[in-house]
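Q: You'll find work24.pdb just under this line, and it carries PDB, C-alpha atoms, pLDDT in the B column.
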ATOM      1  CA  MET I1038      29.212   7.089  -6.000  1.00 38.00           C
ATOM      2  CA  ALA I1039      26.368   4.969  -7.322  1.00 41.00           C
ATOM      3  CA  ALA I1040      22.794   6.004  -6.609  1.00 43.00           C
ATOM      4  CA  CYS I1041      20.843   3.740  -4.318  1.00 42.00           C
ATOM      5  CA  SER I1042      17.382   3.516  -2.899  1.00 43.00           C
ATOM      6  CA  SER I1043      16.991   4.868   0.600  1.00 42.00           C
ATOM      7  CA  MET I1044      19.960   3.545   2.539  1.00 42.00           C
ATOM      8  CA  ALA I1045      20.909   6.255   4.997  1.00 44.00           C
ATOM      9  CA  ILE I1046      24.615   5.459   4.901  1.00 49.00           C
ATOM     10  CA  MET I1047      24.852   6.201   1.198  1.00 56.00           C
ATOM     11  CA  ALA I1048      25.653   9.586  -0.296  1.00 89.00           C
ATOM     12  CA  THR I1049      22.591   9.548  -2.526  1.00 92.00           C
ATOM     13  CA  GLU I1050      19.100   8.506  -1.524  1.00 92.00           C
ATOM     14  CA  VAL I1051      16.553   8.164  -4.298  1.00 92.00           C
ATOM     15  CA  ASP I1052      12.962   8.693  -3.190  1.00 93.00           C
ATOM     16  CA  PRO I1053      13.894   8.364   0.501  1.00 92.00           C
ATOM     17  CA  THR I1054      10.289   8.490   1.708  1.00 92.00           C
ATOM     18  CA  GLY I1055       9.015   5.982  -0.851  1.00 94.00           C
ATOM     19  CA  ILE I1056       6.447   8.292  -2.391  1.00 94.00           C
ATOM     20  CA  GLU I1057       6.711   6.685  -5.837  1.00 94.00           C
ATOM     21  CA  PRO I1058       5.901   3.092  -4.804  1.00 94.00           C
ATOM     22  CA  ARG I1059       3.079   4.382  -2.585  1.00 94.00           C
ATOM     23  CA  ALA I1060       1.574   6.284  -5.502  1.00 94.00           C
ATOM     24  CA  ILE I1061       1.912   3.275  -7.768  1.00 94.00           C
ATOM     25  CA  LEU I1062       0.287   0.911  -5.300  1.00 95.00           C
ATOM     26  CA  GLN I1063      -2.669   3.308  -5.096  1.00 93.00           C
ATOM     27  CA  ALA I1064      -3.072   3.407  -8.875  1.00 92.00           C
ATOM     28  CA  ALA I1065      -4.433  -0.130  -9.123  1.00 93.00           C
ATOM     29  CA  ASP I1066      -5.142  -3.203  -7.051  1.00 94.00           C
ATOM     30  CA  PHE I1067      -1.743  -4.900  -6.987  1.00 96.00           C
ATOM     31  CA  LYS I1068      -2.822  -7.642  -4.623  1.00 95.00           C
ATOM     32  CA  ASN I1069      -3.104 -10.939  -6.511  1.00 93.00           C
ATOM     33  CA  ALA I1070      -2.067  -9.164  -9.713  1.00 97.00           C
ATOM     34  CA  ARG I1071       0.392 -10.233 -12.376  1.00 98.00           C
ATOM     35  CA  VAL I1072       2.570  -7.186 -13.065  1.00 98.00           C
ATOM     36  CA  LEU I1073       4.812  -6.310 -15.981  1.00 98.00           C
ATOM     37  CA  GLU I1074       7.240  -3.451 -15.350  1.00 97.00           C
ATOM     38  CA  VAL I1075       8.771  -1.977 -18.504  1.00 97.00           C
ATOM     39  CA  GLY I1076      12.138  -0.252 -18.102  1.00 93.00           C
ATOM     40  CA  THR I1077      12.884  -1.775 -14.734  1.00 92.00           C
ATOM     41  CA  GLY I1078      16.576  -0.835 -14.839  1.00 89.00           C
ATOM     42  CA  ASP I1079      18.358  -1.683 -11.620  1.00 87.00           C
ATOM     43  CA  GLY I1080      15.109  -2.748  -9.977  1.00 89.00           C
ATOM     44  CA  ARG I1081      15.068   0.267  -7.673  1.00 88.00           C
ATOM     45  CA  LEU I1082      11.294   0.583  -7.917  1.00 92.00           C
ATOM     46  CA  THR I1083      10.529  -3.119  -8.370  1.00 93.00           C
ATOM     47  CA  PHE I1084      12.111  -4.058  -5.066  1.00 90.00           C
ATOM     48  CA  ARG I1085       9.814  -1.630  -3.258  1.00 92.00           C
ATOM     49  CA  TYR I1086       6.449  -3.048  -4.330  1.00 94.00           C
ATOM     50  CA  ALA I1087       7.230  -6.641  -5.327  1.00 93.00           C
ATOM     51  CA  ASP I1088       5.932  -8.170  -2.110  1.00 92.00           C
ATOM     52  CA  VAL I1089       2.340  -7.183  -2.960  1.00 95.00           C
ATOM     53  CA  PRO I1090       1.485  -8.748  -6.356  1.00 96.00           C
ATOM     54  CA  THR I1091       1.283 -12.434  -7.258  1.00 96.00           C
ATOM     55  CA  SER I1092       4.064 -12.063  -9.802  1.00 97.00           C
ATOM     56  CA  VAL I1093       6.311  -9.390 -11.249  1.00 97.00           C
ATOM     57  CA  VAL I1094       8.244  -9.473 -14.499  1.00 97.00           C
ATOM     58  CA  GLY I1095      10.687  -6.609 -14.949  1.00 95.00           C
ATOM     59  CA  ILE I1096      12.099  -5.973 -18.400  1.00 95.00           C
ATOM     60  CA  ASP I1097      14.737  -3.621 -19.749  1.00 94.00           C
ATOM     61  CA  THR I1098      16.714  -3.292 -22.971  1.00 92.00           C
ATOM     62  CA  ASN I1099      19.930  -2.577 -21.066  1.00 87.00           C
ATOM     63  CA  GLU I1100      21.242  -6.134 -20.948  1.00 85.00           C
ATOM     64  CA  PRO I1101      24.164  -5.662 -18.519  1.00 85.00           C
ATOM     65  CA  GLU I1102      21.952  -3.759 -16.105  1.00 84.00           C
ATOM     66  CA  ILE I1103      19.046  -6.193 -16.185  1.00 84.00           C
ATOM     67  CA  ARG I1104      21.443  -9.139 -15.861  1.00 82.00           C
ATOM     68  CA  SER I1105      23.020  -7.478 -12.847  1.00 83.00           C
ATOM     69  CA  THR I1106      19.590  -6.842 -11.364  1.00 81.00           C
ATOM     70  CA  ALA I1107      18.529 -10.450 -11.849  1.00 80.00           C
ATOM     71  CA  GLN I1108      21.737 -11.898 -10.466  1.00 79.00           C
ATOM     72  CA  GLY I1109      21.953  -9.472  -7.608  1.00 73.00           C
ATOM     73  CA  SER I1110      18.446 -10.215  -6.453  1.00 58.00           C
ATOM     74  CA  ARG I1111      18.516 -13.982  -6.788  1.00 53.00           C
ATOM     75  CA  VAL I1112      19.091 -14.624  -3.104  1.00 57.00           C
ATOM     76  CA  GLU I1113      16.887 -11.867  -1.739  1.00 66.00           C
ATOM     77  CA  LEU I1114      13.824 -11.911  -3.982  1.00 66.00           C
ATOM     78  CA  PRO I1115      11.126 -14.567  -3.980  1.00 79.00           C
ATOM     79  CA  SER I1116      10.576 -16.751  -7.005  1.00 87.00           C
ATOM     80  CA  HIS I1117       7.576 -14.785  -8.227  1.00 93.00           C
ATOM     81  CA  VAL I1118       9.877 -11.965  -9.380  1.00 93.00           C
ATOM     82  CA  GLN I1119      11.910 -12.265 -12.538  1.00 93.00           C
ATOM     83  CA  PHE I1120      13.920  -9.947 -14.759  1.00 93.00           C
ATOM     84  CA  LEU I1121      14.350 -10.274 -18.514  1.00 93.00           C
ATOM     85  CA  CYS I1122      16.140  -8.410 -21.255  1.00 94.00           C
ATOM     86  CA  ALA I1123      13.363  -7.317 -23.612  1.00 94.00           C
ATOM     87  CA  SER I1124      11.943  -4.278 -25.343  1.00 94.00           C
ATOM     88  CA  GLY I1125       8.631  -2.666 -24.495  1.00 94.00           C
ATOM     89  CA  THR I1126       7.891  -2.328 -28.204  1.00 94.00           C
ATOM     90  CA  ALA I1127       8.098  -6.102 -28.864  1.00 95.00           C
ATOM     91  CA  LEU I1128       7.054  -7.875 -25.700  1.00 96.00           C
ATOM     92  CA  PRO I1129       7.928 -11.593 -25.597  1.00 97.00           C
ATOM     93  CA  PHE I1130       4.658 -12.521 -23.921  1.00 97.00           C
ATOM     94  CA  SER I1131       1.362 -13.960 -25.041  1.00 96.00           C
ATOM     95  CA  ALA I1132      -1.750 -11.795 -25.131  1.00 96.00           C
ATOM     96  CA  GLU I1133      -3.635 -11.005 -21.930  1.00 96.00           C
ATOM     97  CA  ARG I1134      -0.886 -12.279 -19.666  1.00 97.00           C
ATOM     98  CA  PHE I1135      -0.756  -9.388 -17.174  1.00 98.00           C
ATOM     99  CA  ASP I1136      -3.227  -7.529 -14.973  1.00 98.00           C
ATOM    100  CA  ILE I1137      -1.053  -4.421 -14.640  1.00 98.00           C
ATOM    101  CA  VAL I1138       1.544  -2.953 -16.999  1.00 98.00           C
ATOM    102  CA  LEU I1139       3.758  -0.324 -15.412  1.00 97.00           C
ATOM    103  CA  LEU I1140       5.844   2.066 -17.473  1.00 96.00           C
ATOM    104  CA  ALA I1141       7.975   3.862 -14.900  1.00 89.00           C
ATOM    105  CA  SER I1142       9.744   6.754 -16.586  1.00 84.00           C
ATOM    106  CA  SER I1143      10.049   4.683 -19.725  1.00 80.00           C
ATOM    107  CA  LEU I1144       7.407   6.097 -22.078  1.00 82.00           C
TER
ATOM    108  CA  MET D1462       6.075   5.085 -28.036  1.00 88.00           C
ATOM    109  CA  VAL D1463       2.794   4.197 -29.710  1.00 91.00           C
ATOM    110  CA  ASN D1464       4.172   0.697 -30.290  1.00 93.00           C
ATOM    111  CA  ALA D1465       4.937   0.359 -26.591  1.00 95.00           C
ATOM    112  CA  LEU D1466       1.371   1.345 -25.728  1.00 96.00           C
ATOM    113  CA  ARG D1467      -0.033  -1.081 -28.272  1.00 95.00           C
ATOM    114  CA  GLU D1468       2.086  -3.847 -26.767  1.00 96.00           C
ATOM    115  CA  ALA D1469       0.949  -2.908 -23.271  1.00 96.00           C
ATOM    116  CA  TRP D1470      -2.640  -3.138 -24.514  1.00 96.00           C
ATOM    117  CA  ARG D1471      -1.980  -6.556 -26.073  1.00 96.00           C
ATOM    118  CA  VAL D1472      -0.503  -8.209 -22.984  1.00 97.00           C
ATOM    119  CA  LEU D1473      -3.062  -6.756 -20.568  1.00 97.00           C
ATOM    120  CA  THR D1474      -6.062  -8.758 -19.537  1.00 96.00           C
ATOM    121  CA  PRO D1475      -9.444  -7.184 -20.383  1.00 95.00           C
ATOM    122  CA  GLY D1476      -9.967  -4.429 -17.841  1.00 94.00           C
ATOM    123  CA  GLY D1477      -6.284  -4.499 -16.907  1.00 97.00           C
ATOM    124  CA  ILE D1478      -4.525  -1.348 -15.793  1.00 97.00           C
ATOM    125  CA  PHE D1479      -1.770   0.523 -17.573  1.00 97.00           C
ATOM    126  CA  VAL D1480       0.222   2.828 -15.289  1.00 97.00           C
ATOM    127  CA  ASP D1481       2.365   5.600 -16.754  1.00 97.00           C
ATOM    128  CA  VAL D1482       4.609   7.361 -14.253  1.00 95.00           C
ATOM    129  CA  ARG D1483       7.242   9.891 -15.298  1.00 92.00           C
ATOM    130  CA  PRO D1484       8.602  13.402 -14.692  1.00 90.00           C
ATOM    131  CA  VAL D1485       6.604  16.318 -16.047  1.00 90.00           C
ATOM    132  CA  THR D1486       8.047  19.322 -17.809  1.00 87.00           C
ATOM    133  CA  ALA D1487       8.615  21.680 -14.909  1.00 87.00           C
ATOM    134  CA  PRO D1488      11.505  23.333 -13.116  1.00 88.00           C
ATOM    135  CA  LEU D1489      13.579  21.341 -10.674  1.00 90.00           C
ATOM    136  CA  VAL D1490      13.915  22.647  -7.152  1.00 94.00           C
ATOM    137  CA  VAL D1491      17.156  22.027  -5.271  1.00 95.00           C
ATOM    138  CA  GLU D1492      17.186  22.693  -1.548  1.00 95.00           C
ATOM    139  CA  VAL D1493      19.819  22.750   1.152  1.00 95.00           C
ATOM    140  CA  ILE D1494      18.366  20.659   3.964  1.00 94.00           C
ATOM    141  CA  ILE D1495      19.328  20.057   7.565  1.00 92.00           C
ATOM    142  CA  ALA D1496      17.678  16.869   8.774  1.00 87.00           C
ATOM    143  CA  THR D1497      14.474  17.094   6.720  1.00 85.00           C
ATOM    144  CA  HIS D1498      14.047  20.875   6.822  1.00 91.00           C
ATOM    145  CA  ALA D1499      14.816  23.025   3.800  1.00 93.00           C
ATOM    146  CA  ILE D1500      16.768  26.138   4.727  1.00 93.00           C
ATOM    147  CA  TRP D1501      17.494  27.436   1.229  1.00 94.00           C
ATOM    148  CA  SER D1502      16.325  26.589  -2.260  1.00 94.00           C
ATOM    149  CA  VAL D1503      16.918  27.424  -5.898  1.00 93.00           C
ATOM    150  CA  GLU D1504      14.714  26.746  -8.912  1.00 92.00           C
ATOM    151  CA  VAL D1505      16.353  25.316 -12.005  1.00 90.00           C
ATOM    152  CA  SER D1506      14.231  26.276 -14.968  1.00 80.00           C
ATOM    153  CA  SER D1507      16.322  24.671 -17.671  1.00 63.00           C
ATOM    154  CA  TYR D1508      14.755  21.247 -17.479  1.00 61.00           C
ATOM    155  CA  VAL D1509      15.129  19.798 -20.925  1.00 65.00           C
ATOM    156  CA  GLY D1510      12.822  16.785 -20.978  1.00 73.00           C
ATOM    157  CA  ALA D1511      10.115  18.704 -22.799  1.00 80.00           C
ATOM    158  CA  GLU D1512      10.509  16.884 -26.111  1.00 82.00           C
ATOM    159  CA  ASP D1513      10.362  13.457 -24.445  1.00 83.00           C
ATOM    160  CA  ASN D1514       7.239  14.401 -22.534  1.00 86.00           C
ATOM    161  CA  ALA D1515       5.521  15.908 -25.548  1.00 89.00           C
ATOM    162  CA  ALA D1516       6.133  12.723 -27.527  1.00 91.00           C
ATOM    163  CA  ALA D1517       4.906  10.537 -24.670  1.00 93.00           C
ATOM    164  CA  ASP D1518       1.798  12.680 -24.213  1.00 94.00           C
ATOM    165  CA  ALA D1519       1.069  12.469 -27.941  1.00 95.00           C
ATOM    166  CA  ALA D1520       1.400   8.676 -27.843  1.00 95.00           C
ATOM    167  CA  VAL D1521      -1.008   8.443 -24.928  1.00 96.00           C
ATOM    168  CA  ARG D1522      -3.500  10.722 -26.719  1.00 96.00           C
ATOM    169  CA  HIS D1523      -3.278   8.426 -29.729  1.00 95.00           C
ATOM    170  CA  ALA D1524      -3.945   5.345 -27.599  1.00 94.00           C
ATOM    171  CA  LEU D1525      -6.938   7.021 -25.997  1.00 94.00           C
ATOM    172  CA  SER D1526      -8.303   8.178 -29.350  1.00 94.00           C
ATOM    173  CA  ARG D1527      -8.077   4.600 -30.625  1.00 92.00           C
ATOM    174  CA  GLU D1528      -9.899   3.445 -27.499  1.00 92.00           C
ATOM    175  CA  TRP D1529      -7.151   1.062 -26.442  1.00 94.00           C
ATOM    176  CA  PHE D1530      -7.454   2.536 -22.951  1.00 96.00           C
ATOM    177  CA  VAL D1531      -9.765   4.762 -20.962  1.00 96.00           C
ATOM    178  CA  PHE D1532      -8.396   7.252 -18.467  1.00 96.00           C
ATOM    179  CA  GLN D1533      -8.835   6.281 -14.808  1.00 95.00           C
ATOM    180  CA  LYS D1534      -6.870   8.545 -12.510  1.00 94.00           C
ATOM    181  CA  ARG D1535      -4.030  11.008 -12.194  1.00 96.00           C
ATOM    182  CA  HIS D1536      -1.812  11.625  -9.187  1.00 96.00           C
ATOM    183  CA  PRO D1537       0.914  14.304  -9.105  1.00 96.00           C
ATOM    184  CA  PHE D1538       3.767  13.949  -6.653  1.00 96.00           C
ATOM    185  CA  ASP D1539       7.254  15.269  -5.956  1.00 94.00           C
ATOM    186  CA  PHE D1540      10.062  12.796  -6.569  1.00 93.00           C
ATOM    187  CA  GLU D1541      12.980  13.506  -4.264  1.00 94.00           C
ATOM    188  CA  ILE D1542      16.673  12.759  -4.500  1.00 95.00           C
ATOM    189  CA  ASP D1543      18.781  13.496  -1.412  1.00 95.00           C
ATOM    190  CA  CYS D1544      22.539  13.872  -1.790  1.00 95.00           C
ATOM    191  CA  ASP D1545      25.388  14.549   0.587  1.00 95.00           C
ATOM    192  CA  THR D1546      27.099  16.957  -1.816  1.00 94.00           C
ATOM    193  CA  ALA D1547      26.606  18.711  -5.141  1.00 95.00           C
ATOM    194  CA  GLU D1548      29.067  16.267  -6.673  1.00 95.00           C
ATOM    195  CA  ASP D1549      26.809  13.358  -5.661  1.00 95.00           C
ATOM    196  CA  LEU D1550      23.855  15.116  -7.299  1.00 95.00           C
ATOM    197  CA  LYS D1551      25.905  15.675 -10.429  1.00 94.00           C
ATOM    198  CA  VAL D1552      26.807  11.981 -10.612  1.00 93.00           C
ATOM    199  CA  TYR D1553      23.147  11.037 -10.240  1.00 91.00           C
ATOM    200  CA  ALA D1554      22.015  13.563 -12.872  1.00 90.00           C
ATOM    201  CA  GLN D1555      24.580  12.327 -15.370  1.00 90.00           C
ATOM    202  CA  MET D1556      23.292   8.776 -14.960  1.00 86.00           C
ATOM    203  CA  HIS D1557      19.744   9.749 -15.887  1.00 82.00           C
ATOM    204  CA  ARG D1558      18.812  10.821 -19.387  1.00 76.00           C
ATOM    205  CA  ARG D1559      16.003  13.143 -18.369  1.00 75.00           C
ATOM    206  CA  MET D1560      18.222  15.073 -15.912  1.00 81.00           C
ATOM    207  CA  ARG D1561      21.532  15.008 -17.706  1.00 81.00           C
ATOM    208  CA  ALA D1562      21.171  18.285 -19.579  1.00 79.00           C
ATOM    209  CA  ALA D1563      19.563  20.268 -16.769  1.00 83.00           C
ATOM    210  CA  GLU D1564      21.695  23.293 -16.021  1.00 86.00           C
ATOM    211  CA  ILE D1565      22.024  22.724 -12.291  1.00 90.00           C
ATOM    212  CA  PRO D1566      24.377  25.260 -10.642  1.00 92.00           C
ATOM    213  CA  TYR D1567      26.485  22.674  -8.826  1.00 94.00           C
ATOM    214  CA  GLU D1568      29.205  25.083  -7.658  1.00 94.00           C
ATOM    215  CA  THR D1569      26.675  27.512  -6.184  1.00 93.00           C
ATOM    216  CA  LEU D1570      24.813  24.663  -4.525  1.00 94.00           C
ATOM    217  CA  GLU D1571      27.927  23.288  -2.902  1.00 95.00           C
ATOM    218  CA  MET D1572      28.996  26.749  -1.748  1.00 94.00           C
ATOM    219  CA  ARG D1573      25.586  27.412  -0.168  1.00 93.00           C
ATOM    220  CA  ARG D1574      25.512  23.961   1.420  1.00 94.00           C
ATOM    221  CA  ARG D1575      28.875  24.591   3.098  1.00 93.00           C
ATOM    222  CA  GLU D1576      27.933  28.111   4.151  1.00 92.00           C
ATOM    223  CA  LEU D1577      24.657  27.076   5.719  1.00 90.00           C
ATOM    224  CA  ARG D1578      25.625  23.909   7.516  1.00 86.00           C
ATOM    225  CA  ASN D1579      26.615  25.815  10.681  1.00 79.00           C
ATOM    226  CA  GLY D1580      27.947  22.781  12.480  1.00 79.00           C
ATOM    227  CA  SER D1581      25.136  20.508  11.306  1.00 82.00           C
ATOM    228  CA  THR D1582      25.055  18.039   8.457  1.00 89.00           C
ATOM    229  CA  ALA D1583      23.640  19.917   5.489  1.00 93.00           C
ATOM    230  CA  ARG D1584      22.609  17.942   2.442  1.00 94.00           C
ATOM    231  CA  LEU D1585      20.966  18.698  -0.871  1.00 96.00           C
ATOM    232  CA  ARG D1586      17.485  17.661  -1.909  1.00 96.00           C
ATOM    233  CA  CYS D1587      16.435  17.766  -5.550  1.00 95.00           C
ATOM    234  CA  ARG D1588      12.673  17.738  -6.096  1.00 94.00           C
ATOM    235  CA  ARG D1589      11.092  16.985  -9.436  1.00 91.00           C
ATOM    236  CA  SER D1590       7.418  17.094 -10.283  1.00 92.00           C
ATOM    237  CA  TRP D1591       6.154  13.718 -11.497  1.00 93.00           C
ATOM    238  CA  MET D1592       2.773  12.557 -12.671  1.00 95.00           C
ATOM    239  CA  LEU D1593       1.247   9.119 -12.311  1.00 97.00           C
ATOM    240  CA  SER D1594      -1.558   8.359 -14.749  1.00 97.00           C
ATOM    241  CA  GLY D1595      -3.679   5.223 -14.716  1.00 97.00           C
ATOM    242  CA  TYR D1596      -5.660   3.835 -17.654  1.00 97.00           C
ATOM    243  CA  ARG D1597      -7.935   0.823 -18.004  1.00 97.00           C
ATOM    244  CA  LYS D1598      -7.762  -1.447 -21.037  1.00 96.00           C
ATOM    245  CA  MET D1599     -10.846  -1.383 -23.175  1.00 90.00           C
ATOM    246  CA  ARG D1600     -12.201  -4.524 -24.769  1.00 69.00           C
ATOM    247  CA  HIS D1601     -11.566  -3.737 -28.380  1.00 62.00           C
ATOM    248  CA  GLU D1602      -8.556  -2.404 -30.216  1.00 57.00           C
ATOM    249  CA  GLY D1603     -10.437   0.429 -31.951  1.00 50.00           C
TER
END
In structure tokens, what does this structure look like?
A:
Amino acid sequence: MAACSSMAIMATEVDPTGIEPRAILQAADFKNARVLEVGTGDGRLTFRYADVPTSVVGIDTNEPEIRSTAQGSRVELPSHVQFLCASGTALPFSAERFDIVLLASSL
Amino acid sequence: MVNALREAWRVLTPGGIFVDVRPVTAPLVVEVIIATHAIWSVEVSSYVGAEDNAAADAAVRHALSREWFVFQKRHPFDFEIDCDTAEDLKVYAQMHRRMRAAEIPYETLEMRRRELRNGSTARLRCRRSWMLSGYRKMRHEG
């Protein structure tokens, strides 16, 4: 059974009370921020805070997983969220592009 | 890890925030719960992410010593995973590198869950101690 994020009908609920996204949103001012999330994986965390910032880019080196995340979310997520296959040690972005960089269990 | 922090520094705007959130090296606690109430628990002391955490902590210390970032805040919290059965917890643990090698007593957990359910729906809750740390980018690379 695959893990999921807080759907009561599933056998496994990850962070059912949403304590992780709450803690993250208190760590910085996400409103109007451009966010880079390194190690976004299946987007479990991304989906839970993405409605606050101006933009979110989620990256992961696991290409099948990040492709699945991007394709799976295309209908549901707004256009300010995107997912890319990239490494945190060689970011494909210009300098000073983001207001917040989030390493969620990926350091 | 130091390279990842240097890259985070590079792409952040001046004064931007770097957030590091991850499990800490501490025992796991697995509880049998009915609704949201724990009725039994066991501590699993064989958490094996110590090397990963030590390396990450060393990388952060390096970044701070080079004045790439300045410490802002720290917030500990318990990350919870609720599962219907011990087998579900096992599947989850095997999917996650930092839990995979933890010596969780799945058979004992499942036996206790079945014993204690007493006509109710008893589930398992795994709690892990996590730490969120926030750092602000400094102007110069150092």
Q: Which value, in Å to one decimal, gives the distance between atom CA of Ala1469 of chain D and atom CA of Arg1558 of chain D?
A: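 Here the two named atoms are 22.9 Å from each other.
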Q: Taking the file as shown, what set of residues would the PyMOL selection byres ((chain D) within 9 of (chain I)) give back, as a tab-separated table (two decimals) with C-alpha atoms, keeping the file's coordinate frame?
A:
chain	number	residue	atom	x	y	z
D	1462	MET	CA	6.08	5.08	-28.04
D	1463	VAL	CA	2.79	4.20	-29.71
D	1464	ASN	CA	4.17	0.70	-30.29
D	1465	ALA	CA	4.94	0.36	-26.59
D	1466	LEU	CA	1.37	1.34	-25.73
D	1467	ARG	CA	-0.03	-1.08	-28.27
D	1468	GLU	CA	2.09	-3.85	-26.77
D	1469	ALA	CA	0.95	-2.91	-23.27
D	1470	TRP	CA	-2.64	-3.14	-24.51
D	1471	ARG	CA	-1.98	-6.56	-26.07
D	1472	VAL	CA	-0.50	-8.21	-22.98
D	1473	LEU	CA	-3.06	-6.76	-20.57
D	1474	THR	CA	-6.06	-8.76	-19.54
D	1475	PRO	CA	-9.44	-7.18	-20.38
D	1476	GLY	CA	-9.97	-4.43	-17.84
D	1477	GLY	CA	-6.28	-4.50	-16.91
D	1478	ILE	CA	-4.53	-1.35	-15.79
D	1479	PHE	CA	-1.77	0.52	-17.57
D	1480	VAL	CA	0.22	2.83	-15.29
D	1481	ASP	CA	2.37	5.60	-16.75
D	1482	VAL	CA	4.61	7.36	-14.25
D	1483	ARG	CA	7.24	9.89	-15.30
D	1484	PRO	CA	8.60	13.40	-14.69
D	1513	ASP	CA	10.36	13.46	-24.44
D	1514	ASN	CA	7.24	14.40	-22.53
D	1516	ALA	CA	6.13	12.72	-27.53
D	1517	ALA	CA	4.91	10.54	-24.67
D	1518	ASP	CA	1.80	12.68	-24.21
D	1520	ALA	CA	1.40	8.68	-27.84
D	1533	GLN	CA	-8.84	6.28	-14.81
D	1534	LYS	CA	-6.87	8.54	-12.51
D	1535	ARG	CA	-4.03	11.01	-12.19
D	1536	HIS	CA	-1.81	11.62	-9.19
D	1537	PRO	CA	0.91	14.30	-9.10
D	1538	PHE	CA	3.77	13.95	-6.65
D	1539	ASP	CA	7.25	15.27	-5.96
D	1540	PHE	CA	10.06	12.80	-6.57
D	1541	GLU	CA	12.98	13.51	-4.26
D	1542	ILE	CA	16.67	12.76	-4.50
D	1543	ASP	CA	18.78	13.50	-1.41
D	1544	CYS	CA	22.54	13.87	-1.79
D	1545	ASP	CA	25.39	14.55	0.59
D	1546	THR	CA	27.10	16.96	-1.82
D	1549	ASP	CA	26.81	13.36	-5.66
D	1550	LEU	CA	23.86	15.12	-7.30
D	1552	VAL	CA	26.81	11.98	-10.61
D	1553	TYR	CA	23.15	11.04	-10.24
D	1556	MET	CA	23.29	8.78	-14.96
D	1593	LEU	CA	1.25	9.12	-12.31
D	1594	SER	CA	-1.56	8.36	-14.75
D	1595	GLY	CA	-3.68	5.22	-14.72
Q: Please write the residues picked by the PyMOL selection byres ((chain I and resi 1123) around 6) on this file as a PDB file with C-alpha atoms, in the coordinates of the input.
A:
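Wrote it out as out.pdb, contents follow:
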ATOM      1  CA  ILE I1096      12.099  -5.973 -18.400  1.00 95.00           C
ATOM      2  CA  ASP I1097      14.737  -3.621 -19.749  1.00 94.00           C
ATOM      3  CA  THR I1098      16.714  -3.292 -22.971  1.00 92.00           C
ATOM      4  CA  LEU I1121      14.350 -10.274 -18.514  1.00 93.00           C
ATOM      5  CA  CYS I1122      16.140  -8.410 -21.255  1.00 94.00           C
ATOM      6  CA  SER I1124      11.943  -4.278 -25.343  1.00 94.00           C
TER       7      SER I1124
END
Q: For atom CA of His1498 of chain D and atom CA of Leu1062 of chain I, determine how far apart the two atoms are, in Å to one decimal place.
A: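 Between these atoms lies a distance of 27.1 Å.
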Q: Report the residues retrieved by the PyMOL selection byres ((chain D and resi 1599) around 7) from the displayed file, expressed as a count of residues only.
A: 10
Q: Could you pull out every residue with an atom within 10 Å of (24.3, 20.2, 8.9), file coordinates, counting all atoms listed in the file, and send them as a list in words?
A: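 Residues lying no farther than 10 Å from the given point: Val1493, Ile1494, Ile1495, Ala1496, Arg1574, Arg1575, Glu1576, Leu1577, Arg1578, Asn1579, Gly1580, Ser1581, Thr1582, Ala1583 and Arg1584 of chain D.
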Q: At what distance in Å, to one decimal, does atom CA of Gly1109 of chain I lie from atom CA of Tyr1086 of chain I?
A: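 These atoms are spaced 17.1 Å apart.
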Q: Taking 5 positions as the minimum chain separation for residues in the same chain, which residues sit within 8 Å of Val1505 of chain D when counting all atoms listed in the file? Answer as a JSON list (two decimals) with C-alpha atoms, in the frame of the given file.
A:
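What ended up in selection-v9.json:
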[["chain", "number", "residue", "atom", "x", "y", "z"],
["D", 1488, "PRO", "CA", 11.50, 23.33, -13.12],
["D", 1489, "LEU", "CA", 13.58, 21.34, -10.67],
["D", 1490, "VAL", "CA", 13.92, 22.65, -7.15],
["D", 1491, "VAL", "CA", 17.16, 22.03, -5.27],
["D", 1563, "ALA", "CA", 19.56, 20.27, -16.77],
["D", 1564, "GLU", "CA", 21.70, 23.29, -16.02],
["D", 1565, "ILE", "CA", 22.02, 22.72, -12.29]]
Q: Compile the contact shell of Ser1105 of chain I as a short mmCIF file (atom, residue, chain, number, x, y, z; two decimals) with C-alpha atoms, in the frame of the given file: residues with an atom at most 12 Å away, counting all atoms listed in the file, same-chain residues fewer than 2 positions apart removed.
A:
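The resulting result-v2.cif:
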data_model
loop_
_atom_site.label_atom_id
_atom_site.label_comp_id
_atom_site.auth_asym_id
_atom_site.auth_seq_id
_atom_site.Cartn_x
_atom_site.Cartn_y
_atom_site.Cartn_z
CA THR I 1077 12.88 -1.78 -14.73
CA GLY I 1078 16.58 -0.84 -14.84
CA ASP I 1079 18.36 -1.68 -11.62
CA GLY I 1080 15.11 -2.75 -9.98
CA ASP I 1097 14.74 -3.62 -19.75
CA ASN I 1099 19.93 -2.58 -21.07
CA GLU I 1100 21.24 -6.13 -20.95
CA PRO I 1101 24.16 -5.66 -18.52
CA GLU I 1102 21.95 -3.76 -16.10
CA ILE I 1103 19.05 -6.19 -16.18
CA ALA I 1107 18.53 -10.45 -11.85
CA GLN I 1108 21.74 -11.90 -10.47
CA GLY I 1109 21.95 -9.47 -7.61
CA SER I 1110 18.45 -10.22 -6.45
CA ARG I 1111 18.52 -13.98 -6.79
CA PHE I 1120 13.92 -9.95 -14.76
CA LEU I 1121 14.35 -10.27 -18.51
CA CYS I 1122 16.14 -8.41 -21.26
#
